[in-house]
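Shown next, in structure tokens, is the structure this report addresses.
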Amino acid sequence: MKLPYIEETSPSRIVTETFYGYNNHLKIAINEFADMENLSCRDYPMIGTRPKRGTAAALTAPQGMTSKDALLYVDAGKVFYNGAEVTGLTLTPTGEKQIVSMGAYAVFFPDKKYLNTADITDHGGLDAAWTAEADTKIKYQLCKADGTEQTPKFVQVSEPESAANGDLWIDTSETPHTLKQFAGDSRSWLSVVTVYVKISATGIGAKFKEGDGVEIAGASYPQQGPLKDQIEDLCGTKLLKGCGADYLIVIGLLDQVYEQTGGVSVKREAPDMDYVCECGNRLWGCKYGLVDGKVVNELYASKLGDFKNWRCYNGNSTASWAASCGTDGQFTGAVNYLGNPIFFKETCLHKISISAYGAHQVQSIDGNGVQKGSWRSLAIAGETLYYKGRTGVYAYDGSLPRSVSDKLGDVRYSGAVGGSFGGLYYVAMQSSGGWSLFSYDPSRGIWCREDALHPVCFAAHGDDLYYLDADKKVLGTILGTEGTPEGDLHWMAESGVQHYEQPNHKYVTRYQFRLRLPPGSTLRLYLQYDSDGEWHYGGEVTGSGIGSFVLPVKPRRCDHLRFRLAGVGSFKLFSIARVLEQGSDR
């Protein structure tokens, strides 16, 4: 009698000791996970639970945050610095706030207000305005640069025949008229290069200072003639050459002293801007859309060292600056990176090269920019700028943006909020399934999914990364160094399809998970065979010591499988050993 010949199978052993986090694709490596929750790559090459977060303060309606010498955040229109409310400074109670740091100052947009964090009693608005009452007297008179009033002795076409040293003559032989002063030593009339006009009224200069760029309106003269033109020329954008509580000094010329009643207004106003950043001791902003009925597509810079002044166009290196853009589309974000202000649209970047002489240049770069609504995703980690674009997360090092989010799969995310700490980039994004917070390790290219945190913003401060939770309405810490720590974490790690690529029905006869579970922590194992859609319970273990141990698992024979580890409490996975046997062809 002949018996069938059965070939002896030779088992093989595969040990995985290095884990590479999250990969949301159908085919992934055996050391990656198709899904996970509350896990972190901080213990690389191991994988384990993320640090417990802390709750530092309860909030009402978190709106924005930044890090200065202490943490500064906005809650329901109230500004808090170093844990205490700033008295007297109130913002609108709804909407997100952009908080831009410039020296000791924090500037709030779109409210256009500021706070001096070195002296919290110093706060107010960027804009200032004065409007004359109906009975207010406004006087216009020639003056010197220091405000000393002057009255010309001669106003005529021909040169005066007799004059004393220092006499003033307004030469009306040409239009516009010119001011000349008699020099007694040379017996000649010399043109005065810069002529000043003093505008006096009660309280007109109380809200302004020398050097401000202001908009003057309403100056008028009722009769036709040169004086009417001279008075009306005082309207428009002017640079204040001097200022006192009851007067302003601007460049101009008047044939005579004139006084009007009411109708005059003076204002200093920052432009409406979509996004703002600080660079080179200036604030830089952008605007796309309708302003006063006109379509604008512009970039702006404040006066050097003065975030209140955006219309000081005096032609020198410290002046304000503005430029139009030729690219289409809304701006989507702004950041200071490598000493350059960079403004994003979804399809391009506008990089400004700052000139020490004020001749700033704009370079437009075609590439994937920031996704609309994801301006808070901009963050620098490991000297590289990261942000959420329309089709993924991008890294920008000064050349061209490149995608780093292939492992996130084809899920469409939006509304991204990002921050960085400890060399990791954290980004929370919304999909059709809700919010997900991911951490990314740029040095290893590892993504990990943490949980469904929905932050308003992040701010690195001290030894932690702080966040404002939009759902729970709290100020929290990612690493839990401050505040009340959260409870035990519910975590999960789900593998991709295992061993479907093996020929001849090679199958796993044994798994060995080497891991660490502190006392009180629990772990459950589930297995899914041949993509049947069911998770079969494979065992449970509870931590009882501080050492590591091996969890043996014997799955049933199948073509391919997936496993899921889930538990409560702390957890670290050191290695996974797989023992495979080769089935016979017969």
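Residues are named by chain letter and number: chains run A, B, ... in the order of the structure tokens, numbers start at 1 in each chain, and ligands are numbered from 1 in the order shown.
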
Return as a tab-separated table the residues of segment 92-160 of chain A lying at most 12 Å from segment 324-342 of chain A, together with the closest atom-to-atom pair for each and the distance in Å to one decimal, counting only C-alpha atoms, with rows in chain order and ascending residue number.
```
residue	atom	partner	partner_atom	distance
A:Gln98	CA	A:Ala334	CA	10.7
A:Val100	CA	A:Val335	CA	10.2
A:Ser101	CA	A:Asn336	CA	11.3
A:Met102	CA	A:Asn336	CA	11.9
```

Quick one: residues within 9 Å of segment 515-532 of chain A, only C-alpha atoms, excluding same-chain residues fewer than 2 positions away - as a JSON list (two decimals) with all heavy atoms, in the first residue's frame?
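The new file part25.json reads:
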```json
[["chain", "number", "residue", "atom", "x", "y", "z"],
["A", 488, "ASP", "N", -6.80, 57.62, 32.63],
["A", 488, "ASP", "CA", -6.16, 56.58, 31.83],
["A", 488, "ASP", "C", -6.63, 56.66, 30.39],
["A", 488, "ASP", "O", -7.82, 56.86, 30.09],
["A", 488, "ASP", "CB", -6.46, 55.20, 32.40],
["A", 488, "ASP", "CG", -5.73, 54.95, 33.71],
["A", 488, "ASP", "OD1", -4.71, 55.62, 33.95],
["A", 488, "ASP", "OD2", -6.19, 54.09, 34.49],
["A", 497, "VAL", "N", -3.10, 44.43, 6.45],
["A", 497, "VAL", "CA", -3.24, 43.02, 6.08],
["A", 497, "VAL", "C", -1.87, 42.36, 6.16],
["A", 497, "VAL", "O", -0.90, 42.84, 5.59],
["A", 497, "VAL", "CB", -3.83, 42.88, 4.67],
["A", 497, "VAL", "CG1", -3.90, 41.42, 4.25],
["A", 497, "VAL", "CG2", -5.21, 43.52, 4.61],
["A", 500, "TYR", "N", -0.54, 38.49, 3.07],
["A", 500, "TYR", "CA", -1.28, 38.10, 1.89],
["A", 500, "TYR", "C", -0.38, 37.96, 0.68],
["A", 500, "TYR", "O", -0.74, 37.35, -0.32],
["A", 500, "TYR", "CB", -2.39, 39.12, 1.59],
["A", 500, "TYR", "CG", -1.88, 40.46, 1.16],
["A", 500, "TYR", "CD1", -1.73, 40.78, -0.18],
["A", 500, "TYR", "CD2", -1.54, 41.44, 2.11],
["A", 500, "TYR", "CE1", -1.26, 42.02, -0.56],
["A", 500, "TYR", "CE2", -1.07, 42.66, 1.73],
["A", 500, "TYR", "CZ", -0.93, 42.96, 0.39],
["A", 500, "TYR", "OH", -0.45, 44.17, 0.01],
["A", 513, "PHE", "N", 4.08, 38.95, 21.18],
["A", 513, "PHE", "CA", 4.16, 40.40, 21.39],
["A", 513, "PHE", "C", 4.96, 40.66, 22.66],
["A", 513, "PHE", "O", 4.56, 40.22, 23.75],
["A", 513, "PHE", "CB", 2.76, 40.99, 21.55],
["A", 513, "PHE", "CG", 1.89, 40.86, 20.33],
["A", 513, "PHE", "CD1", 1.09, 39.74, 20.14],
["A", 513, "PHE", "CD2", 1.88, 41.85, 19.37],
["A", 513, "PHE", "CE1", 0.29, 39.63, 19.02],
["A", 513, "PHE", "CE2", 1.08, 41.74, 18.25],
["A", 513, "PHE", "CZ", 0.29, 40.63, 18.06],
["A", 534, "GLU", "N", -14.96, 40.51, 10.67],
["A", 534, "GLU", "CA", -15.24, 40.28, 12.08],
["A", 534, "GLU", "C", -13.94, 40.25, 12.87],
["A", 534, "GLU", "O", -12.93, 39.68, 12.43],
["A", 534, "GLU", "CB", -15.98, 38.95, 12.26],
["A", 534, "GLU", "CG", -17.36, 38.92, 11.64],
["A", 534, "GLU", "CD", -18.09, 37.63, 11.96],
["A", 534, "GLU", "OE1", -17.65, 36.92, 12.90],
["A", 534, "GLU", "OE2", -19.08, 37.33, 11.28],
["A", 535, "TRP", "N", -13.99, 40.87, 14.04],
["A", 535, "TRP", "CA", -12.83, 40.85, 14.93],
["A", 535, "TRP", "C", -13.06, 39.78, 16.01],
["A", 535, "TRP", "O", -14.00, 39.87, 16.78],
["A", 535, "TRP", "CB", -12.61, 42.22, 15.57],
["A", 535, "TRP", "CG", -12.11, 43.24, 14.60],
["A", 535, "TRP", "CD1", -12.83, 44.20, 13.96],
["A", 535, "TRP", "CD2", -10.77, 43.38, 14.13],
["A", 535, "TRP", "NE1", -12.05, 44.95, 13.13],
["A", 535, "TRP", "CE2", -10.76, 44.47, 13.21],
["A", 535, "TRP", "CE3", -9.58, 42.72, 14.39],
["A", 535, "TRP", "CZ2", -9.60, 44.89, 12.57],
["A", 535, "TRP", "CZ3", -8.42, 43.13, 13.74],
["A", 535, "TRP", "CH2", -8.45, 44.21, 12.84],
["A", 536, "HIS", "N", -12.18, 38.79, 16.01],
["A", 536, "HIS", "CA", -12.30, 37.65, 16.92],
["A", 536, "HIS", "C", -11.40, 37.87, 18.13],
["A", 536, "HIS", "O", -10.21, 38.18, 17.99],
["A", 536, "HIS", "CB", -11.91, 36.36, 16.21],
["A", 536, "HIS", "CG", -12.71, 36.10, 14.96],
["A", 536, "HIS", "ND1", -13.93, 35.45, 14.98],
["A", 536, "HIS", "CD2", -12.47, 36.44, 13.66],
["A", 536, "HIS", "CE1", -14.40, 35.39, 13.74],
["A", 536, "HIS", "NE2", -13.53, 35.98, 12.92],
["A", 537, "TYR", "N", -11.99, 37.73, 19.29],
["A", 537, "TYR", "CA", -11.27, 37.93, 20.54],
["A", 537, "TYR", "C", -10.12, 36.92, 20.64],
["A", 537, "TYR", "O", -10.29, 35.73, 20.46],
["A", 537, "TYR", "CB", -12.22, 37.75, 21.71],
["A", 537, "TYR", "CG", -11.58, 37.88, 23.08],
["A", 537, "TYR", "CD1", -11.12, 39.10, 23.55],
["A", 537, "TYR", "CD2", -11.46, 36.76, 23.90],
["A", 537, "TYR", "CE1", -10.56, 39.21, 24.80],
["A", 537, "TYR", "CE2", -10.90, 36.86, 25.16],
["A", 537, "TYR", "CZ", -10.45, 38.09, 25.61],
["A", 537, "TYR", "OH", -9.88, 38.20, 26.85],
["A", 538, "GLY", "N", -8.91, 37.43, 20.95],
["A", 538, "GLY", "CA", -7.75, 36.55, 21.00],
["A", 538, "GLY", "C", -7.06, 36.49, 22.34],
["A", 538, "GLY", "O", -6.04, 35.81, 22.49],
["A", 539, "GLY", "N", -7.55, 37.20, 23.33],
["A", 539, "GLY", "CA", -6.93, 37.14, 24.64],
["A", 539, "GLY", "C", -6.85, 38.49, 25.30],
["A", 539, "GLY", "O", -7.05, 39.54, 24.67],
["A", 540, "GLU", "N", -6.56, 38.48, 26.59],
["A", 540, "GLU", "CA", -6.48, 39.70, 27.39],
["A", 540, "GLU", "C", -5.42, 39.53, 28.45],
["A", 540, "GLU", "O", -5.19, 38.43, 28.96],
["A", 540, "GLU", "CB", -7.83, 39.99, 28.03],
["A", 540, "GLU", "CG", -7.87, 41.27, 28.86],
["A", 540, "GLU", "CD", -9.25, 41.57, 29.40],
["A", 540, "GLU", "OE1", -10.21, 40.89, 29.00],
["A", 540, "GLU", "OE2", -9.36, 42.49, 30.24],
["A", 541, "VAL", "N", -4.76, 40.64, 28.78],
["A", 541, "VAL", "CA", -3.75, 40.59, 29.82],
["A", 541, "VAL", "C", -3.82, 41.88, 30.62],
["A", 541, "VAL", "O", -4.14, 42.95, 30.08],
["A", 541, "VAL", "CB", -2.34, 40.38, 29.22],
["A", 541, "VAL", "CG1", -1.96, 41.56, 28.33],
["A", 541, "VAL", "CG2", -1.30, 40.19, 30.31],
["A", 542, "THR", "N", -3.54, 41.79, 31.92],
["A", 542, "THR", "CA", -3.50, 42.95, 32.80],
["A", 542, "THR", "C", -2.10, 43.10, 33.36],
["A", 542, "THR", "O", -1.49, 42.12, 33.79],
["A", 542, "THR", "CB", -4.50, 42.79, 33.96],
["A", 542, "THR", "OG1", -5.81, 42.67, 33.42],
["A", 542, "THR", "CG2", -4.45, 43.99, 34.89],
["A", 543, "GLY", "N", -1.58, 44.35, 33.32],
["A", 543, "GLY", "CA", -0.23, 44.59, 33.80],
["A", 543, "GLY", "C", -0.12, 44.35, 35.29],
["A", 543, "GLY", "O", -1.01, 44.68, 36.06],
["A", 544, "SER", "N", 1.00, 43.76, 35.69],
["A", 544, "SER", "CA", 1.19, 43.45, 37.11],
["A", 544, "SER", "C", 2.60, 43.74, 37.59],
["A", 544, "SER", "O", 2.94, 43.45, 38.73],
["A", 544, "SER", "CB", 0.87, 41.97, 37.37],
["A", 544, "SER", "OG", 1.72, 41.15, 36.56],
["A", 545, "GLY", "N", 3.43, 44.30, 36.77],
["A", 545, "GLY", "CA", 4.79, 44.57, 37.18],
["A", 545, "GLY", "C", 5.40, 45.64, 36.31],
["A", 545, "GLY", "O", 4.76, 46.18, 35.40],
["A", 546, "ILE", "N", 6.66, 45.95, 36.57],
["A", 546, "ILE", "CA", 7.31, 47.02, 35.82],
["A", 546, "ILE", "C", 8.14, 46.48, 34.66],
["A", 546, "ILE", "O", 8.61, 47.23, 33.82],
["A", 546, "ILE", "CB", 8.22, 47.86, 36.74],
["A", 546, "ILE", "CG1", 9.33, 46.99, 37.36],
["A", 546, "ILE", "CG2", 7.39, 48.53, 37.82],
["A", 546, "ILE", "CD1", 10.34, 47.78, 38.15],
["A", 547, "GLY", "N", 8.35, 45.19, 34.59],
["A", 547, "GLY", "CA", 9.14, 44.61, 33.52],
["A", 547, "GLY", "C", 8.32, 44.33, 32.29],
["A", 547, "GLY", "O", 7.10, 44.46, 32.26],
["A", 548, "SER", "N", 9.01, 43.92, 31.20],
["A", 548, "SER", "CA", 8.33, 43.55, 29.97],
["A", 548, "SER", "C", 8.01, 42.07, 30.00],
["A", 548, "SER", "O", 8.60, 41.29, 30.74],
["A", 548, "SER", "CB", 9.21, 43.88, 28.77],
["A", 548, "SER", "OG", 10.42, 43.13, 28.81],
["A", 549, "PHE", "N", 7.07, 41.66, 29.15],
["A", 549, "PHE", "CA", 6.71, 40.25, 29.08],
["A", 549, "PHE", "C", 6.25, 39.93, 27.67],
["A", 549, "PHE", "O", 6.03, 40.81, 26.84],
["A", 549, "PHE", "CB", 5.63, 39.90, 30.11],
["A", 549, "PHE", "CG", 4.33, 40.63, 29.91],
["A", 549, "PHE", "CD1", 3.31, 40.11, 29.14],
["A", 549, "PHE", "CD2", 4.14, 41.88, 30.50],
["A", 549, "PHE", "CE1", 2.13, 40.79, 28.95],
["A", 549, "PHE", "CE2", 2.95, 42.56, 30.32],
["A", 549, "PHE", "CZ", 1.95, 42.02, 29.54],
["A", 550, "VAL", "N", 6.09, 38.62, 27.40],
["A", 550, "VAL", "CA", 5.72, 38.15, 26.07],
["A", 550, "VAL", "C", 4.29, 37.64, 26.11],
["A", 550, "VAL", "O", 3.92, 36.86, 27.00],
["A", 550, "VAL", "CB", 6.67, 37.05, 25.59],
["A", 550, "VAL", "CG1", 6.18, 36.47, 24.27],
["A", 550, "VAL", "CG2", 8.08, 37.59, 25.44],
["A", 551, "LEU", "N", 3.48, 38.11, 25.16],
["A", 551, "LEU", "CA", 2.11, 37.64, 25.01],
["A", 551, "LEU", "C", 2.07, 36.69, 23.82],
["A", 551, "LEU", "O", 2.18, 37.13, 22.67],
["A", 551, "LEU", "CB", 1.16, 38.81, 24.79],
["A", 551, "LEU", "CG", -0.29, 38.46, 24.43],
["A", 551, "LEU", "CD1", -0.97, 37.73, 25.58],
["A", 551, "LEU", "CD2", -1.07, 39.71, 24.06],
["A", 553, "VAL", "N", 0.38, 34.24, 21.05],
["A", 553, "VAL", "CA", -0.91, 34.13, 20.37],
["A", 553, "VAL", "C", -0.78, 33.08, 19.26],
["A", 553, "VAL", "O", 0.19, 33.11, 18.50],
["A", 553, "VAL", "CB", -1.35, 35.48, 19.77],
["A", 553, "VAL", "CG1", -2.67, 35.33, 19.04],
["A", 553, "VAL", "CG2", -1.45, 36.53, 20.85],
["A", 555, "PRO", "N", -2.86, 32.07, 16.14],
["A", 555, "PRO", "CA", -4.02, 32.27, 15.26],
["A", 555, "PRO", "C", -4.34, 31.00, 14.49],
["A", 555, "PRO", "O", -3.51, 30.11, 14.34],
["A", 555, "PRO", "CB", -3.54, 33.39, 14.33],
["A", 555, "PRO", "CG", -2.06, 33.23, 14.28],
["A", 555, "PRO", "CD", -1.65, 32.74, 15.63],
["A", 556, "ARG", "N", -5.53, 30.96, 13.97],
["A", 556, "ARG", "CA", -5.90, 29.81, 13.14],
["A", 556, "ARG", "C", -5.31, 30.00, 11.75],
["A", 556, "ARG", "O", -4.97, 31.10, 11.33],
["A", 556, "ARG", "CB", -7.41, 29.67, 13.07],
["A", 556, "ARG", "CG", -8.12, 30.70, 12.22],
["A", 556, "ARG", "CD", -9.61, 30.64, 12.42],
["A", 556, "ARG", "NE", -10.30, 31.49, 11.45],
["A", 556, "ARG", "CZ", -11.56, 31.87, 11.56],
["A", 556, "ARG", "NH1", -12.26, 31.49, 12.65],
["A", 556, "ARG", "NH2", -12.13, 32.63, 10.64],
["A", 557, "ARG", "N", -5.23, 28.88, 11.02],
["A", 557, "ARG", "CA", -4.63, 28.93, 9.69],
["A", 557, "ARG", "C", -5.53, 29.71, 8.74],
["A", 557, "ARG", "O", -6.75, 29.50, 8.70],
["A", 557, "ARG", "CB", -4.40, 27.52, 9.17],
["A", 557, "ARG", "CG", -3.73, 27.49, 7.81],
["A", 557, "ARG", "CD", -3.24, 26.12, 7.47],
["A", 557, "ARG", "NE", -2.65, 26.08, 6.13],
["A", 557, "ARG", "CZ", -2.03, 25.04, 5.61],
["A", 557, "ARG", "NH1", -1.91, 23.93, 6.33],
["A", 557, "ARG", "NH2", -1.52, 25.10, 4.40],
["A", 558, "CYS", "N", -4.90, 30.60, 7.96],
["A", 558, "CYS", "CA", -5.65, 31.42, 7.02],
["A", 558, "CYS", "C", -4.73, 31.93, 5.93],
["A", 558, "CYS", "O", -3.50, 31.80, 6.02],
["A", 558, "CYS", "CB", -6.31, 32.60, 7.74],
["A", 558, "CYS", "SG", -5.13, 33.70, 8.54],
["A", 559, "ASP", "N", -5.32, 32.53, 4.92],
["A", 559, "ASP", "CA", -4.52, 33.10, 3.84],
["A", 559, "ASP", "C", -3.86, 34.41, 4.28],
["A", 559, "ASP", "O", -2.71, 34.68, 3.98],
["A", 559, "ASP", "CB", -5.41, 33.37, 2.62],
["A", 559, "ASP", "CG", -4.66, 34.07, 1.50],
["A", 559, "ASP", "OD1", -3.80, 33.41, 0.89],
["A", 559, "ASP", "OD2", -4.92, 35.27, 1.26],
["A", 560, "HIS", "N", -4.62, 35.25, 5.00],
["A", 560, "HIS", "CA", -4.08, 36.50, 5.53],
["A", 560, "HIS", "C", -4.90, 36.91, 6.74],
["A", 560, "HIS", "O", -6.01, 36.41, 6.97],
["A", 560, "HIS", "CB", -4.07, 37.61, 4.47],
["A", 560, "HIS", "CG", -5.43, 37.94, 3.92],
["A", 560, "HIS", "ND1", -5.97, 37.29, 2.82],
["A", 560, "HIS", "CD2", -6.37, 38.84, 4.33],
["A", 560, "HIS", "CE1", -7.18, 37.79, 2.58],
["A", 560, "HIS", "NE2", -7.44, 38.73, 3.48],
["A", 561, "LEU", "N", -4.37, 37.83, 7.51],
["A", 561, "LEU", "CA", -5.06, 38.26, 8.73],
["A", 561, "LEU", "C", -4.67, 39.68, 9.09],
["A", 561, "LEU", "O", -3.72, 40.24, 8.53],
["A", 561, "LEU", "CB", -4.77, 37.31, 9.89],
["A", 561, "LEU", "CG", -3.32, 37.13, 10.35],
["A", 561, "LEU", "CD1", -2.85, 38.26, 11.25],
["A", 561, "LEU", "CD2", -3.18, 35.81, 11.10],
["A", 562, "ARG", "N", -5.40, 40.24, 10.04],
["A", 562, "ARG", "CA", -5.07, 41.52, 10.66],
["A", 562, "ARG", "C", -5.22, 41.35, 12.16],
["A", 562, "ARG", "O", -6.00, 40.50, 12.62],
["A", 562, "ARG", "CB", -6.00, 42.62, 10.17],
["A", 562, "ARG", "CG", -5.94, 42.87, 8.68],
["A", 562, "ARG", "CD", -7.01, 43.84, 8.23],
["A", 562, "ARG", "NE", -6.78, 45.18, 8.75],
["A", 562, "ARG", "CZ", -7.64, 46.18, 8.65],
["A", 562, "ARG", "NH1", -8.81, 45.98, 8.05],
["A", 562, "ARG", "NH2", -7.37, 47.37, 9.14],
["A", 563, "PHE", "N", -4.49, 42.13, 12.92],
["A", 563, "PHE", "CA", -4.66, 42.08, 14.37],
["A", 563, "PHE", "C", -4.90, 43.49, 14.89],
["A", 563, "PHE", "O", -4.52, 44.49, 14.28],
["A", 563, "PHE", "CB", -3.46, 41.44, 15.08],
["A", 563, "PHE", "CG", -2.19, 42.22, 14.99],
["A", 563, "PHE", "CD1", -1.92, 43.28, 15.85],
["A", 563, "PHE", "CD2", -1.22, 41.90, 14.04],
["A", 563, "PHE", "CE1", -0.75, 44.00, 15.78],
["A", 563, "PHE", "CE2", -0.04, 42.61, 13.96],
["A", 563, "PHE", "CZ", 0.20, 43.66, 14.82],
["A", 564, "ARG", "N", -5.55, 43.54, 16.03],
["A", 564, "ARG", "CA", -5.82, 44.80, 16.69],
["A", 564, "ARG", "C", -5.47, 44.67, 18.17],
["A", 564, "ARG", "O", -5.94, 43.75, 18.85],
["A", 564, "ARG", "CB", -7.29, 45.19, 16.56],
["A", 564, "ARG", "CG", -7.66, 46.49, 17.32],
["A", 564, "ARG", "CD", -9.15, 46.71, 17.35],
["A", 564, "ARG", "NE", -9.66, 47.11, 16.05],
["A", 564, "ARG", "CZ", -10.96, 47.21, 15.77],
["A", 564, "ARG", "NH1", -11.87, 46.91, 16.70],
["A", 564, "ARG", "NH2", -11.36, 47.58, 14.57],
["A", 565, "LEU", "N", -4.64, 45.60, 18.63],
["A", 565, "LEU", "CA", -4.33, 45.70, 20.05],
["A", 565, "LEU", "C", -5.10, 46.89, 20.61],
["A", 565, "LEU", "O", -5.06, 47.98, 20.04],
["A", 565, "LEU", "CB", -2.83, 45.90, 20.28],
["A", 565, "LEU", "CG", -1.89, 44.81, 19.75],
["A", 565, "LEU", "CD1", -0.44, 45.24, 19.91],
["A", 565, "LEU", "CD2", -2.14, 43.50, 20.47],
["A", 566, "ALA", "N", -5.80, 46.69, 21.70],
["A", 566, "ALA", "CA", -6.57, 47.77, 22.32],
["A", 566, "ALA", "C", -6.46, 47.65, 23.83],
["A", 566, "ALA", "O", -6.37, 46.54, 24.37],
["A", 566, "ALA", "CB", -8.03, 47.72, 21.88],
["A", 567, "GLY", "N", -6.44, 48.78, 24.50],
["A", 567, "GLY", "CA", -6.30, 48.71, 25.94],
["A", 567, "GLY", "C", -6.58, 50.02, 26.64],
["A", 567, "GLY", "O", -6.95, 51.02, 26.01],
["A", 568, "VAL", "N", -6.37, 50.00, 27.93],
["A", 568, "VAL", "CA", -6.56, 51.16, 28.79],
["A", 568, "VAL", "C", -5.33, 51.30, 29.66],
["A", 568, "VAL", "O", -4.85, 50.31, 30.23],
["A", 568, "VAL", "CB", -7.82, 51.02, 29.67],
["A", 568, "VAL", "CG1", -7.98, 52.24, 30.57],
["A", 568, "VAL", "CG2", -9.06, 50.81, 28.82],
["A", 569, "GLY", "N", -4.81, 52.51, 29.77],
["A", 569, "GLY", "CA", -3.62, 52.75, 30.58],
["A", 569, "GLY", "C", -2.38, 52.88, 29.73],
["A", 569, "GLY", "O", -2.44, 52.98, 28.50],
["A", 570, "SER", "N", -1.25, 52.88, 30.38],
["A", 570, "SER", "CA", 0.03, 53.03, 29.69],
["A", 570, "SER", "C", 0.42, 51.73, 28.98],
["A", 570, "SER", "O", 0.05, 50.63, 29.41],
["A", 570, "SER", "CB", 1.11, 53.42, 30.68],
["A", 570, "SER", "OG", 2.35, 53.62, 30.03],
["A", 571, "PHE", "N", 1.20, 51.87, 27.90],
["A", 571, "PHE", "CA", 1.54, 50.70, 27.08],
["A", 571, "PHE", "C", 2.76, 51.03, 26.22],
["A", 571, "PHE", "O", 2.89, 52.13, 25.71],
["A", 571, "PHE", "CB", 0.34, 50.36, 26.19],
["A", 571, "PHE", "CG", 0.67, 49.65, 24.91],
["A", 571, "PHE", "CD1", 0.90, 48.28, 24.90],
["A", 571, "PHE", "CD2", 0.73, 50.34, 23.72],
["A", 571, "PHE", "CE1", 1.18, 47.63, 23.71],
["A", 571, "PHE", "CE2", 1.01, 49.70, 22.52],
["A", 571, "PHE", "CZ", 1.23, 48.34, 22.52],
["A", 572, "LYS", "N", 3.65, 50.04, 26.09],
["A", 572, "LYS", "CA", 4.79, 50.16, 25.17],
["A", 572, "LYS", "C", 4.97, 48.82, 24.48],
["A", 572, "LYS", "O", 4.99, 47.77, 25.12],
["A", 572, "LYS", "CB", 6.07, 50.56, 25.90],
["A", 572, "LYS", "CG", 6.16, 52.04, 26.26],
["A", 572, "LYS", "CD", 7.52, 52.36, 26.86],
["A", 572, "LYS", "CE", 7.65, 53.86, 27.12],
["A", 572, "LYS", "NZ", 6.65, 54.36, 28.06],
["A", 573, "LEU", "N", 5.13, 48.87, 23.17],
["A", 573, "LEU", "CA", 5.35, 47.67, 22.37],
["A", 573, "LEU", "C", 6.81, 47.64, 21.93],
["A", 573, "LEU", "O", 7.26, 48.52, 21.20],
["A", 573, "LEU", "CB", 4.42, 47.66, 21.16],
["A", 573, "LEU", "CG", 4.51, 46.46, 20.22],
["A", 573, "LEU", "CD1", 4.16, 45.17, 20.96],
["A", 573, "LEU", "CD2", 3.60, 46.66, 19.01],
["A", 574, "PHE", "N", 7.53, 46.61, 22.38],
["A", 574, "PHE", "CA", 8.96, 46.48, 22.06],
["A", 574, "PHE", "C", 9.19, 45.76, 20.74],
["A", 574, "PHE", "O", 10.02, 46.17, 19.94],
["A", 574, "PHE", "CB", 9.69, 45.73, 23.17],
["A", 574, "PHE", "CG", 9.76, 46.49, 24.47],
["A", 574, "PHE", "CD1", 8.76, 46.39, 25.40],
["A", 574, "PHE", "CD2", 10.85, 47.30, 24.75],
["A", 574, "PHE", "CE1", 8.82, 47.08, 26.60],
["A", 574, "PHE", "CE2", 10.92, 48.00, 25.95],
["A", 574, "PHE", "CZ", 9.91, 47.89, 26.87],
["A", 575, "SER", "N", 8.47, 44.66, 20.54],
["A", 575, "SER", "CA", 8.70, 43.87, 19.33],
["A", 575, "SER", "C", 7.52, 42.95, 19.08],
["A", 575, "SER", "O", 6.72, 42.66, 19.97],
["A", 575, "SER", "CB", 9.98, 43.04, 19.45],
["A", 575, "SER", "OG", 9.85, 42.06, 20.46],
["A", 576, "ILE", "N", 7.40, 42.50, 17.82],
["A", 576, "ILE", "CA", 6.44, 41.49, 17.43],
["A", 576, "ILE", "C", 7.20, 40.40, 16.68],
["A", 576, "ILE", "O", 7.89, 40.69, 15.68],
["A", 576, "ILE", "CB", 5.33, 42.05, 16.52],
["A", 576, "ILE", "CG1", 4.58, 43.18, 17.22],
["A", 576, "ILE", "CG2", 4.36, 40.95, 16.12],
["A", 576, "ILE", "CD1", 3.55, 43.86, 16.34]]
```

So which residues of segment 166-272 of chain A fall under strand (DSSP E or B) by DSSP, listed as a PyMOL selection string?
chain A and resi 168-171+178-183+188-191+196-200+213-217+236-239+242-244+247-251+258-261+265-268

Between A:Gly373, A:Gly213, A:Gly147, A:Pro51, which one has atoms that come closest to Ser320 of chain A, using only C-alpha atoms?
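Of A:Gly373, A:Gly213, A:Gly147, A:Pro51, the one nearest Ser320 of chain A is A:Gly213, counting only C-alpha atoms.
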
Which residues, written as a count of residues only, have at least one atom at most 8 Å from segment 358-366 of chain A, with only C-alpha atoms counted and residues fewer than 2 positions away on the same chain left out?
17

So which one's closest to Val404 of chain A, A:Thr384, A:Ser186, A:Ser432, A:Ser420? Using only C-alpha atoms, please.
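Using only C-alpha atoms, the shortest distance to Val404 of chain A belongs to A:Thr384.
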
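Of the listed residues (A:Leu475, A:Ala163, A:Val276, A:Cys235), A:Leu475 comes nearest to Asp75 of chain A; the distances count only C-alpha atoms.
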
Considering only C-alpha atoms, can you say which of A:Ile28, A:Leu168, A:Leu115, A:Met46 comes closest to Val79 of chain A?
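That would be A:Leu115, the residue with the smallest distance to Val79 of chain A.
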
Selection near Met36 of chain A, 12 Å with only C-alpha atoms, sequence-local residues under 4 positions removed, as a PyMOL selection string:
chain A and resi 20-24+32+40-41+47-50+408+436-439+447-452+490-496+563-567

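When only C-alpha atoms are used to measure the gap to Ala428 of chain A, the shortest distance among A:Arg510, A:Lys137, A:Lys388, A:Arg402 belongs to A:Lys388.
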
Taking only C-alpha atoms into account, name the residue in A:Gln230, A:Ala245, A:Leu71, A:Gln141 that is nearest to Lys198 of chain A.
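Going through A:Gln230, A:Ala245, A:Leu71, A:Gln141 one by one, the smallest distance to Lys198 of chain A is for A:Gln141.
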